[in-house]
Amino acid sequence: MTYGPATRPATLPEPLTRALTWVGDRLPAFLPPPDPAAPRDRLKPLSELALAHHWLAARLGPGVRELDGWRDFLVEACSGGLAARAATAEPADALYLMQPYLWLRAAGQVVDACEDVLRVRARAGVRPGSPGVLHALEAAGLLRTGQDWAGLCRTAVLGRDRTEEDLTRDAYRVTHAVFYATDMGATAPALSTAERDRIAALLHRLRDLAERAGRWDLLIETHIALRGVGAGSPAAEEEWAARRETLAVHCHGGTPLDEAAAGRLARDRPGPDDPALFRSCYHATLADLLLQSLSVPGTRETTETTQTPATTRTPETQGDPSPCPKPPSRQPPSRQRPPLTRTSSS
């Protein structure tokens, strides 16, 4: 998988700029609650913001003012010790809780205190507990061995036939496995044509399911995954774009998670700073930004790959993070990261 460097387009499409601004206007809402008894996934919104920042910055290139604001916010949050304190307090979940920093590091920012926590946890034997955390570690340059994400697609997506009930239950497991293998829809996976066709057929079923159920975030994810396996549909994406504009009316420009959320927002008409608006829209808005970015001229140019590199291994929940964080000595062009910028912790 290879792609050329992103170049900043002269003008970004209005819906994309509007969504970037929607997120930028609500950055403090991505911070976790101060309650120390908050659930394990309290940093999930911040992790999703950092992930989206990484991919959008790589695709849209430098000079996107809104993304500069996201980056400064993420640097401040991580250098202030947010993720590091959480990881230190809950060492067994340290890598999961460090995901905001891992994606910031993938975008080229290094924070000393976070590096220290990663070293300590790696030396203590902590290993990633999910493919998502493993993907973040790889993007951050902290794995000794590249991962065979195509192999994960074979097992997690093609490993068995799925009934409608199975597909409903496993929906995000399917889309995320394709995300990991395709750089979030931007590059062709190391799969045969027949395997990609089988995945596309499953994703078409999933897209139909999402449309019938009004699960807009899942619909967006299937569009991204279909792009990744070379089966994107411009007509279907245009249909979604028209629906998105209708939904945005009651979301102050954001995208609601599902039809139930859209109905609540239309009924209650929350203000632009209402926490209910943020909770109902942030995830789907970030996902839709990633989808829209795939259509911006001047972004990554992809080349098809059908062979799994010999230097990779199939992802497992027990990965192999380097005890001393550093970039792998050999990275394929599609995994190259920007130069690192170091920030001292406050």
# chains A, B, ... in the order shown; residues from 1 in each chain; ligands from 1
call {"tool": "select_by_dssp", "arguments": {"residues": "region 11-238 of chain A", "states": "strand (DSSP E)", "output": "number ranges by chain"}}
result
A: 109-111, 146-147
call {"tool": "closest_residue", "arguments": {"among": "A:Tyr101, A:Trp240, A:Trp149, A:Phe278", "to": "Glu115 (chain A)", "atoms": "only C-alpha atoms"}}
result
A:Tyr101
call {"tool": "closest_residue", "arguments": {"among": "A:His204, A:Arg40, A:His135, A:Arg121", "to": "Leu152 (chain A)", "atoms": "only C-alpha atoms"}}
result
A:His135
call {"tool": "closest_residue", "arguments": {"among": "A:Leu191, A:Ile199, A:Cys281, A:Ala186", "to": "Arg227 (chain A)", "atoms": "only C-alpha atoms"}}
result
A:Ala186
call {"tool": "residues_around", "arguments": {"residues": "Pro34 (chain A)", "least_positions_apart": "4", "cutoff": "12 Å", "atoms": "only C-alpha atoms", "output": "compact mmCIF listing (two decimals) with C-alpha atoms, in the first residue's frame"}}
result
# COMPACT_ATOMS: atom_id res chain seq x y z
CA ALA A 38 -16.11 7.63 35.67
CA PRO A 39 -16.26 4.54 33.43
CA ARG A 42 -14.29 8.04 29.65
CA LEU A 43 -11.43 8.97 27.29
CA LEU A 82 -4.71 13.70 31.27
CA ALA A 86 -5.37 7.81 33.92
call {"tool": "residues_around", "arguments": {"residues": "region 9-21 of chain A", "least_positions_apart": "4", "cutoff": "7 Å", "atoms": "only C-alpha atoms", "output": "PyMOL selection string"}}
result
chain A and resi 25+66+253-254+285+289+292+297-298
call {"tool": "write_last_selection", "arguments": {"atoms": "all heavy atoms", "output": "PDB file, in the first residue's frame"}}
result
ATOM      1  N   ASP A  25     -15.625  23.973  17.594  1.00  0.00           N
ATOM      2  CA  ASP A  25     -16.380  24.803  18.537  1.00  0.00           C
ATOM      3  C   ASP A  25     -16.724  24.074  19.821  1.00  0.00           C
ATOM      4  O   ASP A  25     -17.190  24.711  20.784  1.00  0.00           O
ATOM      5  CB  ASP A  25     -17.683  25.281  17.877  1.00  0.00           C
ATOM      6  CG  ASP A  25     -17.457  26.336  16.807  1.00  0.00           C
ATOM      7  OD1 ASP A  25     -16.347  26.910  16.755  1.00  0.00           O
ATOM      8  OD2 ASP A  25     -18.385  26.583  16.013  1.00  0.00           O
ATOM      9  N   GLU A  66      -8.656  24.745  11.068  1.00  0.00           N
ATOM     10  CA  GLU A  66      -9.453  24.036  12.063  1.00  0.00           C
ATOM     11  C   GLU A  66      -8.667  22.880  12.686  1.00  0.00           C
ATOM     12  O   GLU A  66      -8.719  22.659  13.895  1.00  0.00           O
ATOM     13  CB  GLU A  66     -10.743  23.507  11.423  1.00  0.00           C
ATOM     14  CG  GLU A  66     -11.695  24.585  10.937  1.00  0.00           C
ATOM     15  CD  GLU A  66     -11.355  25.071   9.528  1.00  0.00           C
ATOM     16  OE1 GLU A  66     -10.333  24.606   8.968  1.00  0.00           O
ATOM     17  OE2 GLU A  66     -12.102  25.911   8.997  1.00  0.00           O
ATOM     18  N   GLY A 253     -25.462  21.821  12.448  1.00  0.00           N
ATOM     19  CA  GLY A 253     -24.425  21.495  11.471  1.00  0.00           C
ATOM     20  C   GLY A 253     -23.732  20.173  11.699  1.00  0.00           C
ATOM     21  O   GLY A 253     -22.931  19.748  10.868  1.00  0.00           O
ATOM     22  N   GLY A 254     -24.024  19.491  12.801  1.00  0.00           N
ATOM     23  CA  GLY A 254     -23.421  18.190  13.061  1.00  0.00           C
ATOM     24  C   GLY A 254     -24.229  17.065  12.424  1.00  0.00           C
ATOM     25  O   GLY A 254     -25.192  17.288  11.694  1.00  0.00           O
ATOM     26  N   THR A 285     -20.330  12.719  13.477  1.00  0.00           N
ATOM     27  CA  THR A 285     -19.716  13.875  12.797  1.00  0.00           C
ATOM     28  C   THR A 285     -18.258  13.587  12.470  1.00  0.00           C
ATOM     29  O   THR A 285     -17.785  13.894  11.365  1.00  0.00           O
ATOM     30  CB  THR A 285     -19.845  15.134  13.671  1.00  0.00           C
ATOM     31  OG1 THR A 285     -21.238  15.387  13.939  1.00  0.00           O
ATOM     32  CG2 THR A 285     -19.246  16.350  12.970  1.00  0.00           C
ATOM     33  N   LEU A 289     -16.650  13.151   8.674  1.00  0.00           N
ATOM     34  CA  LEU A 289     -15.475  13.904   8.227  1.00  0.00           C
ATOM     35  C   LEU A 289     -14.473  12.986   7.533  1.00  0.00           C
ATOM     36  O   LEU A 289     -13.900  13.341   6.494  1.00  0.00           O
ATOM     37  CB  LEU A 289     -14.817  14.603   9.419  1.00  0.00           C
ATOM     38  CG  LEU A 289     -15.391  15.959   9.813  1.00  0.00           C
ATOM     39  CD1 LEU A 289     -14.868  16.377  11.181  1.00  0.00           C
ATOM     40  CD2 LEU A 289     -15.042  17.012   8.764  1.00  0.00           C
ATOM     41  N   GLN A 292     -15.931  12.152   4.118  1.00  0.00           N
ATOM     42  CA  GLN A 292     -15.830  13.283   3.197  1.00  0.00           C
ATOM     43  C   GLN A 292     -14.391  13.509   2.739  1.00  0.00           C
ATOM     44  O   GLN A 292     -14.152  13.875   1.582  1.00  0.00           O
ATOM     45  CB  GLN A 292     -16.363  14.556   3.858  1.00  0.00           C
ATOM     46  CG  GLN A 292     -17.854  14.583   4.082  1.00  0.00           C
ATOM     47  CD  GLN A 292     -18.307  15.961   4.536  1.00  0.00           C
ATOM     48  OE1 GLN A 292     -18.116  16.953   3.833  1.00  0.00           O
ATOM     49  NE2 GLN A 292     -18.898  16.024   5.720  1.00  0.00           N
ATOM     50  N   PRO A 297     -10.017  16.431  -3.523  1.00  0.00           N
ATOM     51  CA  PRO A 297      -8.913  16.341  -4.491  1.00  0.00           C
ATOM     52  C   PRO A 297      -7.578  16.668  -3.831  1.00  0.00           C
ATOM     53  O   PRO A 297      -7.495  17.513  -2.933  1.00  0.00           O
ATOM     54  CB  PRO A 297      -9.277  17.399  -5.542  1.00  0.00           C
ATOM     55  CG  PRO A 297     -10.735  17.627  -5.375  1.00  0.00           C
ATOM     56  CD  PRO A 297     -11.028  17.415  -3.925  1.00  0.00           C
ATOM     57  N   GLY A 298      -6.538  15.954  -4.279  1.00  0.00           N
ATOM     58  CA  GLY A 298      -5.199  16.229  -3.762  1.00  0.00           C
ATOM     59  C   GLY A 298      -4.837  15.440  -2.533  1.00  0.00           C
ATOM     60  O   GLY A 298      -3.750  15.605  -1.991  1.00  0.00           O
TER      61      GLY A 298
END
call {"tool": "closest_residue", "arguments": {"among": "A:Pro256, A:Pro100, A:Pro275, A:Pro189", "to": "Ala136 (chain A)", "atoms": "only C-alpha atoms"}}
result
A:Pro100
call {"tool": "closest_residue", "arguments": {"among": "A:Leu206, A:Arg196, A:Pro32, A:Leu137", "to": "Arg169 (chain A)", "atoms": "only C-alpha atoms"}}
result
A:Leu206
call {"tool": "closest_residue", "arguments": {"among": "A:Asp258, A:Asp273, A:Glu237, A:Asp35", "to": "Gly214 (chain A)", "atoms": "only C-alpha atoms"}}
result
A:Asp258
call {"tool": "atom_distance", "arguments": {"atom1": "CA of Arg244 (chain A)", "atom2": "CA of Gly63 (chain A)"}}
result
26.3 Å
call {"tool": "atom_distance", "arguments": {"atom1": "CA of Ala139 (chain A)", "atom2": "CA of Asp183 (chain A)"}}
result
9.7 Å
call {"tool": "select_by_dssp", "arguments": {"residues": "region 123-254 of chain A", "states": "alpha helix (DSSP H)", "output": "ChimeraX atom specification"}}
result
/A:123,131-139,149-152,164-181,193-213,216-228,234-248
call {"tool": "atom_distance", "arguments": {"atom1": "CA of Arg162 (chain A)", "atom2": "CA of Arg207 (chain A)"}}
result
14.4 Å
